[in-house]
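Chemist: Data: coords-v8.cif, mmCIF, C-alpha atoms.
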data_final
#
loop_
_atom_site.label_atom_id
_atom_site.label_comp_id
_atom_site.auth_asym_id
_atom_site.auth_seq_id
_atom_site.Cartn_x
_atom_site.Cartn_y
_atom_site.Cartn_z
CA LYS Z 1 22.25 -8.03 30.13
CA ARG Z 2 19.19 -6.60 28.38
CA VAL Z 3 16.55 -4.86 30.47
CA ILE Z 4 13.06 -5.09 28.98
CA ASN Z 5 11.05 -1.92 29.61
CA PHE Z 6 7.35 -2.41 30.33
CA THR Z 7 6.87 0.97 32.01
CA ALA Z 8 5.33 4.17 30.65
CA GLY Z 9 7.03 6.11 27.87
CA PRO Z 10 9.52 4.61 25.42
CA SER Z 11 9.43 0.86 24.83
CA THR Z 12 12.03 -1.73 23.93
CA ILE Z 13 13.39 -1.62 20.37
CA PRO Z 14 14.35 -4.91 18.65
CA MET Z 15 18.06 -5.71 19.02
CA PRO Z 16 18.66 -6.01 15.24
CA VAL Z 17 17.33 -2.47 14.84
CA LEU Z 18 19.58 -1.10 17.59
CA GLN Z 19 22.58 -2.81 16.04
CA ARG Z 20 21.79 -1.38 12.61
CA ILE Z 21 21.44 2.11 14.13
CA GLN Z 22 24.83 1.68 15.79
CA GLU Z 23 26.44 0.51 12.56
CA GLU Z 24 25.07 3.38 10.47
CA PHE Z 25 25.11 6.21 12.98
CA LEU Z 26 28.46 7.65 11.88
CA ASP Z 27 27.92 6.98 8.17
CA PHE Z 28 24.32 6.77 6.92
CA GLN Z 29 24.09 4.60 3.79
CA GLY Z 30 27.72 5.33 2.90
CA ILE Z 31 27.24 9.06 2.30
CA GLY Z 32 29.98 10.05 4.76
CA ALA Z 33 27.75 11.70 7.39
CA SER Z 34 25.33 10.74 10.15
CA ILE Z 35 21.56 10.77 9.65
CA ILE Z 36 21.38 13.58 12.20
CA GLU Z 37 23.77 15.73 10.14
CA ILE Z 38 22.27 15.61 6.66
CA SER Z 39 19.57 17.82 5.13
CA HIS Z 40 16.01 16.56 5.07
CA ARG Z 41 16.05 17.49 1.37
CA THR Z 42 18.75 15.00 0.35
CA PRO Z 43 17.69 12.24 -2.09
CA GLN Z 44 18.69 9.56 0.45
CA PHE Z 45 16.43 10.99 3.16
CA GLU Z 46 13.52 11.62 0.80
CA ALA Z 47 13.77 7.99 -0.33
CA LEU Z 48 13.72 6.81 3.30
CA LEU Z 49 10.62 8.91 3.99
CA ALA Z 50 8.83 7.54 0.93
CA GLU Z 51 9.72 3.99 1.98
CA ASN Z 52 8.24 4.65 5.43
CA VAL Z 53 4.95 5.72 3.84
CA ALA Z 54 4.91 2.60 1.65
CA LEU Z 55 5.65 0.30 4.60
CA ILE Z 56 2.97 1.87 6.81
CA THR Z 57 0.47 1.59 3.96
CA GLU Z 58 1.33 -2.09 3.48
CA LEU Z 59 1.46 -3.08 7.15
CA LEU Z 60 -1.82 -1.32 8.02
CA GLU Z 61 -3.42 -2.41 4.73
CA LEU Z 62 -4.58 1.15 4.12
CA PRO Z 63 -7.16 1.93 1.43
CA PRO Z 64 -5.98 4.41 -1.23
CA ASN Z 65 -8.02 7.32 0.19
CA TYR Z 66 -5.85 7.62 3.32
CA LYS Z 67 -2.82 9.85 3.80
CA VAL Z 68 0.17 8.76 5.89
CA LEU Z 69 1.69 11.72 7.77
CA PHE Z 70 4.61 12.04 10.16
CA ALA Z 71 3.77 14.92 12.48
CA ALA Z 72 5.58 16.78 15.23
CA GLY Z 73 5.51 15.64 18.84
CA GLY Z 74 3.94 12.59 20.43
CA GLY Z 75 0.44 11.33 21.08
CA VAL Z 76 -0.33 14.07 23.60
CA LEU Z 77 0.31 16.73 20.96
CA GLN Z 78 -1.98 14.86 18.57
CA MET Z 79 -4.76 15.18 21.15
CA ALA Z 80 -4.66 18.87 20.22
CA MET Z 81 -3.91 18.35 16.54
CA ALA Z 82 -7.03 16.20 16.04
CA PRO Z 83 -9.53 18.88 17.12
CA MET Z 84 -7.54 21.61 15.40
CA ASN Z 85 -8.04 19.76 12.10
CA LEU Z 86 -11.43 18.14 12.58
CA ILE Z 87 -13.64 20.04 15.01
CA ALA Z 88 -14.60 22.59 12.35
CA LEU Z 89 -15.97 19.89 10.03
CA LYS Z 90 -19.42 20.96 11.28
CA PRO Z 91 -20.46 24.54 12.22
CA ALA Z 92 -21.30 23.48 15.80
CA ARG Z 93 -17.63 22.67 16.47
CA LYS Z 94 -18.57 19.74 18.67
CA ALA Z 95 -16.37 16.71 19.46
CA LEU Z 96 -17.73 13.54 21.06
CA PHE Z 97 -15.70 11.30 23.36
CA VAL Z 98 -15.88 7.88 24.94
CA ASP Z 99 -13.99 8.50 28.17
CA THR Z 100 -11.87 5.48 29.08
CA GLY Z 101 -9.35 7.15 31.36
CA ILE Z 102 -6.30 9.35 31.45
CA PHE Z 103 -5.61 9.63 27.72
CA THR Z 104 -9.15 10.43 26.64
CA GLY Z 105 -9.36 12.80 29.61
CA ARG Z 106 -6.48 14.83 28.22
CA ALA Z 107 -8.01 14.81 24.74
CA ILE Z 108 -11.33 16.07 26.10
CA GLN Z 109 -9.57 19.07 27.66
CA GLU Z 110 -7.69 19.87 24.45
CA ALA Z 111 -10.76 19.74 22.21
CA ALA Z 112 -12.63 22.10 24.54
CA LYS Z 113 -10.15 24.85 23.59
CA TYR Z 114 -11.44 24.87 20.00
CA GLY Z 115 -15.10 24.01 20.48
CA THR Z 116 -17.28 21.85 22.72
CA SER Z 117 -16.29 18.47 24.18
CA VAL Z 118 -19.16 16.07 24.88
CA VAL Z 119 -18.69 12.75 26.72
CA VAL Z 120 -21.21 10.28 25.30
CA ALA Z 121 -20.09 7.31 27.42
CA SER Z 122 -17.71 6.91 30.34
CA GLY Z 123 -16.02 4.14 32.27
CA LYS Z 124 -15.50 6.35 35.31
CA GLU Z 125 -18.04 4.55 37.52
CA SER Z 126 -16.11 1.28 37.10
CA GLY Z 127 -12.80 3.01 37.77
CA PHE Z 128 -12.15 2.76 34.02
CA THR Z 129 -11.80 -1.02 34.28
CA ARG Z 130 -14.36 -1.58 31.48
CA ILE Z 131 -15.00 -0.14 28.04
CA PRO Z 132 -18.46 1.49 28.33
CA GLU Z 133 -21.27 0.78 25.92
CA VAL Z 134 -22.00 3.47 23.32
CA ASP Z 135 -25.48 4.17 21.98
CA THR Z 136 -24.44 5.05 18.45
CA ASP Z 137 -28.05 5.67 17.36
CA SER Z 138 -28.37 8.69 19.65
CA LEU Z 139 -25.13 10.48 18.76
CA ASP Z 140 -25.46 14.18 17.99
CA GLU Z 141 -25.71 14.73 14.23
CA ASP Z 142 -24.12 18.17 14.64
CA ALA Z 143 -20.90 16.62 15.97
CA SER Z 144 -17.73 16.61 13.90
CA TYR Z 145 -16.22 13.33 15.13
CA LEU Z 146 -16.09 10.71 17.89
CA HIS Z 147 -12.78 10.18 19.70
CA ILE Z 148 -11.67 6.94 21.41
CA ALA Z 149 -8.41 5.54 22.77
CA THR Z 150 -8.23 2.11 21.12
CA ASN Z 151 -6.02 0.74 23.91
CA ASN Z 152 -5.55 2.08 27.43
CA THR Z 153 -2.30 0.94 29.01
CA VAL Z 154 -2.84 2.71 32.35
CA HIS Z 155 -6.22 1.04 32.91
CA ALA Z 156 -5.56 -2.21 31.00
CA THR Z 157 -8.57 -1.99 28.70
CA MET Z 158 -8.83 -2.42 24.93
CA TRP Z 159 -11.57 -2.01 22.34
CA LYS Z 160 -12.20 -5.36 20.67
CA GLU Z 161 -14.91 -3.96 18.39
CA PHE Z 162 -15.01 -0.30 17.41
CA PRO Z 163 -18.20 1.79 17.35
CA LYS Z 164 -20.08 1.55 14.05
CA LEU Z 165 -20.96 5.07 13.02
CA ASN Z 166 -23.15 6.30 10.17
CA GLY Z 167 -20.83 8.75 8.48
CA LEU Z 168 -19.45 10.34 11.65
CA PRO Z 169 -15.63 10.19 11.54
CA LEU Z 170 -14.03 8.03 14.22
CA VAL Z 171 -10.72 9.23 15.69
CA GLY Z 172 -8.49 6.63 17.33
CA ASP Z 173 -5.57 7.22 19.68
CA SER Z 174 -3.56 4.04 19.04
CA THR Z 175 -0.19 5.02 20.47
CA SER Z 176 0.14 2.00 22.73
CA GLU Z 177 -0.86 -0.66 20.21
CA ILE Z 178 -0.23 0.54 16.66
CA LEU Z 179 0.88 -2.34 14.40
CA SER Z 180 0.44 -4.93 17.16
CA ARG Z 181 -2.93 -6.26 15.96
CA LYS Z 182 -4.88 -6.22 12.72
CA ILE Z 183 -7.62 -3.60 12.62
CA ASP Z 184 -10.04 -2.46 9.97
CA VAL Z 185 -9.03 1.12 9.24
CA ALA Z 186 -12.16 1.91 7.21
CA PRO Z 187 -14.32 3.15 10.16
CA PHE Z 188 -11.65 5.67 11.15
CA GLY Z 189 -11.35 9.19 9.85
CA MET Z 190 -8.06 9.57 11.71
CA ILE Z 191 -5.71 7.33 13.67
CA PHE Z 192 -2.69 8.73 15.47
CA ALA Z 193 0.15 7.17 17.42
CA GLY Z 194 3.34 8.44 19.02
CA PHE Z 195 6.45 6.73 17.67
CA GLN Z 196 7.85 5.68 21.04
CA LYS Z 197 5.80 2.53 21.62
CA ASN Z 198 5.89 0.44 18.45
CA LEU Z 199 7.42 2.71 15.81
CA GLY Z 200 10.82 3.60 17.25
CA THR Z 201 11.87 6.54 19.36
CA VAL Z 202 10.32 9.66 20.87
CA GLY Z 203 9.97 12.76 18.72
CA LEU Z 204 7.30 12.25 16.05
CA SER Z 205 3.83 10.79 15.57
CA LEU Z 206 2.16 8.76 12.87
CA VAL Z 207 -1.11 10.28 11.64
CA VAL Z 208 -3.30 8.35 9.22
CA VAL Z 209 -6.17 10.49 7.94
CA ARG Z 210 -8.84 10.18 5.23
CA GLU Z 211 -8.13 12.61 2.41
CA GLU Z 212 -11.63 14.09 2.49
CA LEU Z 213 -11.00 15.36 6.04
CA LEU Z 214 -8.04 17.52 5.04
CA GLY Z 215 -8.42 21.26 4.67
CA HIS Z 216 -10.73 21.98 7.61
CA ALA Z 217 -8.23 23.21 10.21
CA VAL Z 218 -9.32 26.05 12.50
CA LYS Z 219 -7.56 29.35 11.81
CA GLU Z 220 -5.57 29.11 15.05
CA THR Z 221 -3.79 25.97 13.82
CA PRO Z 222 0.02 26.37 13.49
CA ARG Z 223 1.45 25.48 10.09
CA TRP Z 224 3.24 22.37 11.45
CA MET Z 225 -0.06 21.05 12.85
CA ASP Z 226 -2.28 21.60 9.82
CA CYS Z 227 -2.74 18.12 8.32
CA GLN Z 228 -3.29 19.52 4.84
CA VAL Z 229 0.03 21.41 4.98
CA VAL Z 230 1.81 18.35 6.35
CA ALA Z 231 0.33 16.25 3.53
CA GLU Z 232 1.19 18.77 0.81
CA THR Z 233 4.81 18.97 1.96
CA ASP Z 234 5.30 15.19 2.34
CA SER Z 235 5.50 15.57 6.13
CA MET Z 236 8.21 18.22 5.84
CA PRO Z 237 6.74 21.73 6.16
CA SER Z 238 10.10 22.44 7.80
CA ALA Z 239 13.12 20.41 8.94
CA THR Z 240 11.93 17.20 10.58
CA ASN Z 241 13.29 14.64 13.05
CA ALA Z 242 15.51 12.64 10.72
CA PHE Z 243 16.76 10.28 13.42
CA ALA Z 244 13.25 9.30 14.55
CA LEU Z 245 12.25 8.61 10.95
CA CYS Z 246 15.41 6.56 10.38
CA VAL Z 247 14.72 4.40 13.45
CA CYS Z 248 11.08 4.06 12.34
CA ASN Z 249 12.26 2.86 8.93
CA LEU Z 250 14.34 0.09 10.48
CA VAL Z 251 11.54 -0.92 12.86
CA LEU Z 252 9.03 -1.12 10.00
CA LYS Z 253 11.40 -3.29 7.98
CA TRP Z 254 11.90 -5.55 11.00
CA LEU Z 255 8.12 -5.80 11.48
CA LYS Z 256 7.70 -6.84 7.85
CA GLU Z 257 10.49 -9.41 8.15
CA GLN Z 258 8.67 -11.02 11.10
CA GLY Z 259 5.63 -11.61 8.89
CA GLY Z 260 3.76 -8.37 9.38
CA VAL Z 261 0.99 -7.41 11.79
CA ALA Z 262 -0.85 -10.74 11.68
CA ALA Z 263 2.27 -12.66 12.72
CA LEU Z 264 3.07 -10.22 15.50
CA GLU Z 265 -0.49 -10.36 16.83
#
Show the structure stored in the file as structure tokens.
Modeler:
Amino acid sequence: KRVINFTAGPSTIPMPVLQRIQEEFLDFQGIGASIIEISHRTPQFEALLAENVALITELLELPPNYKVLFAAGGGVLQMAMAPMNLIALKPARKALFVDTGIFTGRAIQEAAKYGTSVVVASGKESGFTRIPEVDTDSLDEDASYLHIATNNTVHATMWKEFPKLNGLPLVGDSTSEILSRKIDVAPFGMIFAGFQKNLGTVGLSLVVVREELLGHAVKETPRWMDCQVVAETDSMPSATNAFALCVCNLVLKWLKEQGGVAALE
């Protein structure tokens, strides 16, 4: 009997994917070893990683000026990685936020460690049951980016239309809904999502970032969390989570077989 998990944390993985994992766990692609035993520098693993990038690019319909990265940790770690890489885009080191609940609340605290966090709109008065209106014409020109959570599972709210900004990068935390609906990526400077909801298993995050935003990390940024370093090393500045990337590969293939994002939506 299958139990379908609708609670916080990891989500249900399609049965065909689980079966494929089971079949290949002892012998990955006939090489005589498990995916968790082989080097991340083997041709088989490098090919899998490249295929993941191609599938993400296709499924999200990414323009050519975006980089697909697989970064350490989950969405909560990316709440720190985003300001580490983007808050220094402007000398003021200022990050703007639309506060829609628990996840943006955590991101606000993380950004404040590297600069100034400014809440430009909040749903607190409604108990975070509504997405607040944002006056985009009055946003601080000295700010480096505007951060939103595109979907808020705890409070059951979702952005149907994203803020239209004049050049200010938009950062989207899309952990809970990545690849479940078609979105226009163009307004976003960065989108991040933990694997555990729609991409496979806990352990890594997807980061999609515009190339022009690379190379601005604050000096305190660890090597593994510098987006430029992650991009230059094809998401492998050191040994990575091979199992999580393998599961992600199978999930992405399954998503494509179903007809892609539009069919799933």
Chemist: Distance CA of Leu55 in chain Z-CA of Ala217 in chain Z, one decimal place?
Modeler: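 These two atoms are separated by 27.4 Å.
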Chemist: Please provide the set of residues having any atom within 7 Å of Phe243 in chain Z, restricted to all atoms listed in the file, with same-chain residues fewer than 3 positions apart removed, written as a list in words.
Modeler: Ile35, Ile36, Cys246 and Val247 of chain Z
Chemist: Between Z:Ser144, Z:Thr221, Z:Thr12, Z:Asn52, which one has atoms that come closest to Leu89 in chain Z, using all atoms listed in the file?
Modeler: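 Using all atoms listed in the file, Leu89 in chain Z sits closest to Z:Ser144.
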Chemist: Would you list the contacts of Thr129 in chain Z as a ChimeraX atom specification, taking every protein, DNA or RNA residue within 7 Å and counting only C-alpha atoms, but skipping same-chain residues closer than 4 positions in sequence?
Modeler: /Z:123,155,157
Chemist: Enumerate, as an mmCIF file with C-alpha atoms, in the coordinates of the input, the residues matched when the PyMOL selection byres ((chain Z and resi 190) around 6) is run on the file above.
Modeler:
data_model
loop_
_atom_site.group_PDB
_atom_site.id
_atom_site.type_symbol
_atom_site.label_atom_id
_atom_site.label_comp_id
_atom_site.auth_asym_id
_atom_site.auth_seq_id
_atom_site.Cartn_x
_atom_site.Cartn_y
_atom_site.Cartn_z
ATOM 1 C CA VAL Z 171 -10.720 9.230 15.690
ATOM 2 C CA PHE Z 188 -11.650 5.670 11.150
ATOM 3 C CA GLY Z 189 -11.350 9.190 9.850
ATOM 4 C CA ILE Z 191 -5.710 7.330 13.670
ATOM 5 C CA VAL Z 208 -3.300 8.350 9.220
ATOM 6 C CA VAL Z 209 -6.170 10.490 7.940
#
Chemist: Written as a ChimeraX atom specification, which residues does the PyMOL selection byres ((chain Z and resi 197) around 6) give for the file shown?
Modeler: /Z:10-11,176,195-196,198
Chemist: Go through the shown structure with the PyMOL selection byres ((chain Z and resi 163-169) around 6) and write out the matching residues as a ChimeraX atom specification.
Modeler: /Z:145,162,170,189
Chemist: So the first atom is CA of Lys253 in chain Z and the second is CA of Ala156 in chain Z; what is the distance between them in Å, to one decimal place?
Modeler: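 Computed distance, CA of Lys253 in chain Z to CA of Ala156 in chain Z, equals 28.6 Å.
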Chemist: Of the residues Z:Leu204, Z:Val98, Z:Met81, Z:Leu179, which is the one nearest to Gly259 in chain Z, using all atoms listed in the file?
Modeler: Z:Leu179
Chemist: Please measure the separation of CA of Ile131 in chain Z and CA of Phe97 in chain Z, giving the value in Å to one decimal.
Modeler: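 Separation of CA of Ile131 in chain Z and CA of Phe97 in chain Z: 12.4 Å.
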